[in-house]
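For reference, the structure is listed below as structure tokens.
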Amino acid sequence: MLRTEINELLTQTGPGTPMGELFRRYWQPVLLAEELPENDCPPVRVKVLSERLIAIRDSEGRYGLMDEFCAHRGVSLWFGRNEEGGLRCPYHGWKYDYTGQAIEVPSEPETSNFCANVKLKSYPLIKLGDVLWAYLGDPDKQPPLPEWEFVTVPEGQAFTSKRLQECNWLQALEGGIDSSHVTFLHSGSLDNDPLFKGSKGNAYNKGDLKPFFEVVDYEGGLLIGARRNAEEGHYYWRVTPWVLPNFTMVPPRADHPVHGHFWVPIDDENCWAWSFDYHPARRLTETEVAAMRAGMGVHSANDENYRPLARKENDYLMDREAQRRGETYSGIKGIALQDSSLQESMGPVVDRTKERLVATDAGIIKARQKLRKAALALAEEGTEPVGNRAQDQKVRSVAVVLPADQPFVEGIGEAMIAKPGVPQTTV
């Protein structure tokens with residue numbers, strides 16, 4: 001269990017908090033590129049790390065992310081007119097460029113330099129892959145652009161989605177690095193979901209309900225190995241990389257695309273669950289993309305605001321009869337919603353003083369320790385966190401069968417290193 005003060009340190013990410021400052025040292029996904037589809041399109045509200053912001057794409061295609069509220073009287077610029085190289089407040093006509101700099105204040109004389117002294121708080125916003133990424137930290141400490149493999153593969157080899165999750169980011173992340181629940185919660189989906197079925201690893205998952213966990217430090221975060229029995233004298237290993245602070249990758253199954261997540265805090269009680277699929281060696285098929293859009297694999301079927309259609313208000317469309325028949329273990333359809341339903345059921349911020357952890361929670365325990373250490377080192381000593389280098393981000397998950405006497409780190413060798421065009425290591 002965690003003491004209350006440690007739980008608060010890990011879960012609170014607003015401005016000025018230790019964990020909030022840690023998050024602000026990384027590029028974070030904040031919008032899908034489809035949300036700003038063309039020049040001068042309507043602005044989009046963005047709430048991230050408890051800051052209310054507005055995003056625009058101006059007449060020249062430049063992306064901007066700035067304070068949501070006009071510097072004049074505090075009007076939300078979501079109502080603004082995005083046109084002719086800037087965003088104009090409809091109340092009194094103040095206009096801002098994509099950096100948040102005021103460029104027109106109609107009430108002021110033409111000879112006035114008033115505009116030069118008015119600038120909204122703003123952050124860099126860039127497009128990589130099908131995602132818009134923002135950096136909210138100290139400009140002097142801005143890291144290199146992200147190099148995650150899913151945003152660097154050729155066009156047509158990746159798909160990204162996001163969904164609202166109504167709980168704190170940490171309990172969502174902890175689900176992403178907890179491989180032991182797959183045997184139970186997702187058991188009905190392994191052989192039915194088109195993005196999972198057909199893998200020999202599924203039989204290992206269902207045949208061994210007591211995985212052994214080994215957690216290994218690596219410079220960007222942790223490698224979390226879940227070991228299950230395979231053929232005589234061999235183990236089936238599923239190795240999940242976690243990169244600080246909020247990136248996880250699901251070990252692959254057969255030749256299906258590789259899945260992964262970012263868990264991005266909106267505020268202390270809500271987060272965006274970003275889910276990606278990609279294949280390093282081929283284009284995604286039309287059937288695969290259609291399944292992803294329909295909410296299969298790690299994705300969900302959402303409304304126009306990226307809220308899952310099956311959610312808290314409708315009890316996630318739970319089907320007790322399907323649960324009894326064994327079609328779904330929890331009665332909820334879809335791997336993404338199976339996870340989020342239970343994580344949201346814990347409440348907005350779970351009380352970790354009441355939990356009782358076991359050996360299979362080793363990855364969660366070590367991730368909490370590493371997050372706390374990184375946040376305090378940054379706050380107290382100015383130590384820059386890990387996870388921003390290219391070698392930290394060019395990482396893969398691995399599924400492999402190894403001899404029983406071979407350590408998984410030795411057995412996977414360079415399989416966890418992303419190499420362009422080289423297929424994933426999978427079972």
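Naming works like this for the structure tokens: A, B, ... for the chains as they're shown, residue 1 at the start of each chain, ligands 1 onward in shown order.
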Notebook entry, point to check: Counting only C-alpha atoms, what is within 9 Å of Gly225 in chain A, bar same-chain residues fewer than 2 positions away, as a PyMOL selection string?
Noted result: chain A and resi 179+212-216+223+227+237-241+363+408-409
Next, write the just-selected residues to a file, as a compact mmCIF listing (two decimals), in the first residue's frame, keeping all heavy atoms as the atom set.
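Dumped to selection.txt:
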```txt
# COMPACT_ATOMS: atom_id res chain seq x y z
N SER A 179 0.21 -7.47 -16.48
CA SER A 179 -0.06 -8.53 -17.45
C SER A 179 -0.84 -9.70 -16.86
O SER A 179 -1.40 -10.51 -17.59
CB SER A 179 1.26 -9.04 -18.03
OG SER A 179 1.05 -9.95 -19.07
N PHE A 212 4.63 -15.78 -13.33
CA PHE A 212 5.72 -15.29 -12.48
C PHE A 212 6.24 -14.00 -13.10
O PHE A 212 6.46 -13.95 -14.31
CB PHE A 212 6.83 -16.33 -12.38
CG PHE A 212 8.09 -15.82 -11.73
CD1 PHE A 212 8.19 -15.76 -10.35
CD2 PHE A 212 9.16 -15.37 -12.50
CE1 PHE A 212 9.35 -15.28 -9.74
CE2 PHE A 212 10.32 -14.89 -11.90
CZ PHE A 212 10.41 -14.84 -10.51
N PHE A 213 6.45 -12.99 -12.27
CA PHE A 213 6.88 -11.69 -12.79
C PHE A 213 8.34 -11.43 -12.42
O PHE A 213 8.77 -11.67 -11.28
CB PHE A 213 6.02 -10.56 -12.22
CG PHE A 213 4.76 -10.33 -13.01
CD1 PHE A 213 3.72 -11.25 -12.96
CD2 PHE A 213 4.61 -9.22 -13.82
CE1 PHE A 213 2.56 -11.05 -13.68
CE2 PHE A 213 3.46 -9.02 -14.55
CZ PHE A 213 2.43 -9.93 -14.49
N GLU A 214 9.07 -10.92 -13.41
CA GLU A 214 10.43 -10.45 -13.19
C GLU A 214 10.53 -9.05 -13.78
O GLU A 214 10.19 -8.85 -14.95
CB GLU A 214 11.45 -11.37 -13.82
CG GLU A 214 12.89 -10.96 -13.54
CD GLU A 214 13.90 -11.94 -14.11
OE1 GLU A 214 13.50 -13.07 -14.47
OE2 GLU A 214 15.08 -11.56 -14.23
N VAL A 215 10.95 -8.11 -12.98
CA VAL A 215 11.01 -6.71 -13.41
C VAL A 215 12.46 -6.27 -13.43
O VAL A 215 13.18 -6.41 -12.44
CB VAL A 215 10.19 -5.80 -12.47
CG1 VAL A 215 10.19 -4.37 -12.99
CG2 VAL A 215 8.76 -6.32 -12.35
N VAL A 216 12.88 -5.73 -14.57
CA VAL A 216 14.26 -5.34 -14.77
C VAL A 216 14.34 -3.86 -15.08
O VAL A 216 13.59 -3.35 -15.92
CB VAL A 216 14.89 -6.16 -15.93
CG1 VAL A 216 16.31 -5.69 -16.21
CG2 VAL A 216 14.87 -7.65 -15.59
N LEU A 223 11.52 -2.97 -17.79
CA LEU A 223 11.08 -4.09 -18.61
C LEU A 223 10.38 -5.06 -17.68
O LEU A 223 10.99 -5.56 -16.72
CB LEU A 223 12.26 -4.77 -19.30
CG LEU A 223 13.06 -3.94 -20.29
CD1 LEU A 223 14.22 -4.76 -20.86
CD2 LEU A 223 12.18 -3.42 -21.41
N ARG A 227 6.13 -14.46 -16.97
CA ARG A 227 6.53 -15.80 -17.40
C ARG A 227 5.42 -16.81 -17.15
O ARG A 227 4.87 -16.88 -16.05
CB ARG A 227 7.78 -16.22 -16.63
CG ARG A 227 8.42 -17.51 -17.10
CD ARG A 227 9.48 -17.95 -16.12
NE ARG A 227 8.89 -18.58 -14.93
CZ ARG A 227 9.55 -18.83 -13.81
NH1 ARG A 227 10.82 -18.46 -13.69
NH2 ARG A 227 8.95 -19.41 -12.78
N TRP A 237 7.40 -15.99 -22.40
CA TRP A 237 7.63 -14.69 -21.79
C TRP A 237 6.89 -13.61 -22.58
O TRP A 237 6.98 -13.56 -23.81
CB TRP A 237 9.11 -14.35 -21.79
CG TRP A 237 9.94 -15.08 -20.78
CD1 TRP A 237 10.65 -16.23 -20.96
CD2 TRP A 237 10.15 -14.70 -19.42
NE1 TRP A 237 11.29 -16.59 -19.82
CE2 TRP A 237 11.01 -15.67 -18.84
CE3 TRP A 237 9.71 -13.64 -18.63
CZ2 TRP A 237 11.43 -15.59 -17.52
CZ3 TRP A 237 10.12 -13.56 -17.31
CH2 TRP A 237 10.96 -14.53 -16.77
N ARG A 238 6.19 -12.75 -21.85
CA ARG A 238 5.62 -11.54 -22.44
C ARG A 238 6.29 -10.36 -21.75
O ARG A 238 6.17 -10.20 -20.52
CB ARG A 238 4.10 -11.49 -22.25
CG ARG A 238 3.39 -12.57 -23.05
CD ARG A 238 1.87 -12.53 -22.87
NE ARG A 238 1.27 -11.27 -23.27
CZ ARG A 238 1.07 -10.90 -24.53
NH1 ARG A 238 1.44 -11.70 -25.53
NH2 ARG A 238 0.50 -9.75 -24.81
N VAL A 239 7.01 -9.57 -22.53
CA VAL A 239 7.84 -8.50 -21.97
C VAL A 239 7.25 -7.15 -22.35
O VAL A 239 7.19 -6.79 -23.53
CB VAL A 239 9.30 -8.63 -22.45
CG1 VAL A 239 10.16 -7.54 -21.79
CG2 VAL A 239 9.85 -10.02 -22.13
N THR A 240 6.81 -6.41 -21.35
CA THR A 240 6.19 -5.10 -21.52
C THR A 240 7.17 -4.00 -21.15
O THR A 240 7.63 -3.95 -20.00
CB THR A 240 4.95 -4.96 -20.62
OG1 THR A 240 3.99 -5.96 -20.97
CG2 THR A 240 4.32 -3.57 -20.74
N PRO A 241 7.54 -3.11 -22.07
CA PRO A 241 8.35 -1.96 -21.68
C PRO A 241 7.46 -0.83 -21.16
O PRO A 241 6.39 -0.56 -21.71
CB PRO A 241 9.04 -1.55 -22.98
CG PRO A 241 8.12 -2.01 -24.07
CD PRO A 241 7.34 -3.18 -23.53
N GLY A 363 5.68 -5.07 -11.08
CA GLY A 363 5.88 -3.98 -12.03
C GLY A 363 5.25 -2.70 -11.57
O GLY A 363 5.84 -1.61 -11.71
N PHE A 408 15.20 -13.88 -19.26
CA PHE A 408 14.49 -13.29 -20.39
C PHE A 408 15.26 -12.13 -21.02
O PHE A 408 15.21 -11.94 -22.24
CB PHE A 408 13.07 -12.87 -20.00
CG PHE A 408 12.92 -11.51 -19.38
CD1 PHE A 408 12.87 -10.36 -20.15
CD2 PHE A 408 12.80 -11.36 -18.00
CE1 PHE A 408 12.72 -9.10 -19.58
CE2 PHE A 408 12.64 -10.11 -17.43
CZ PHE A 408 12.60 -8.98 -18.21
N VAL A 409 15.99 -11.36 -20.23
CA VAL A 409 16.74 -10.24 -20.79
C VAL A 409 17.81 -10.75 -21.75
O VAL A 409 18.04 -10.18 -22.82
CB VAL A 409 17.37 -9.39 -19.67
CG1 VAL A 409 18.29 -8.33 -20.25
CG2 VAL A 409 16.29 -8.72 -18.84
```
Checklist line | range 45-229 of chain A: residues DSSP assigns to alpha helix (DSSP H), reported as a PyMOL selection string | finding: chain A and resi 149-152+169-176+182-185+187-190+200-207
Checklist line | Residues within 9 Å of range 114-125 of chain A, only C-alpha atoms, excluding chain neighbours under 2 positions, as number ranges by chain | finding: A: 30, 53, 55, 62-71, 96, 98-105, 108-109, 112, 127, 132-137, 139
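If you measure from each of A:Ser161, A:Thr285, A:Asn388, A:Thr248 to Pro308 in chain A using only C-alpha atoms, the closest one turns out to be A:Ser161.
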Next item on the list: Quick one: everything within 10 Å of Leu209 in chain A, counting only C-alpha atoms, minus sequence neighbours fewer than 4 positions away in the same chain. Send it as a ChimeraX atom specification.
Entry: /A:180-184,204-205,228-229
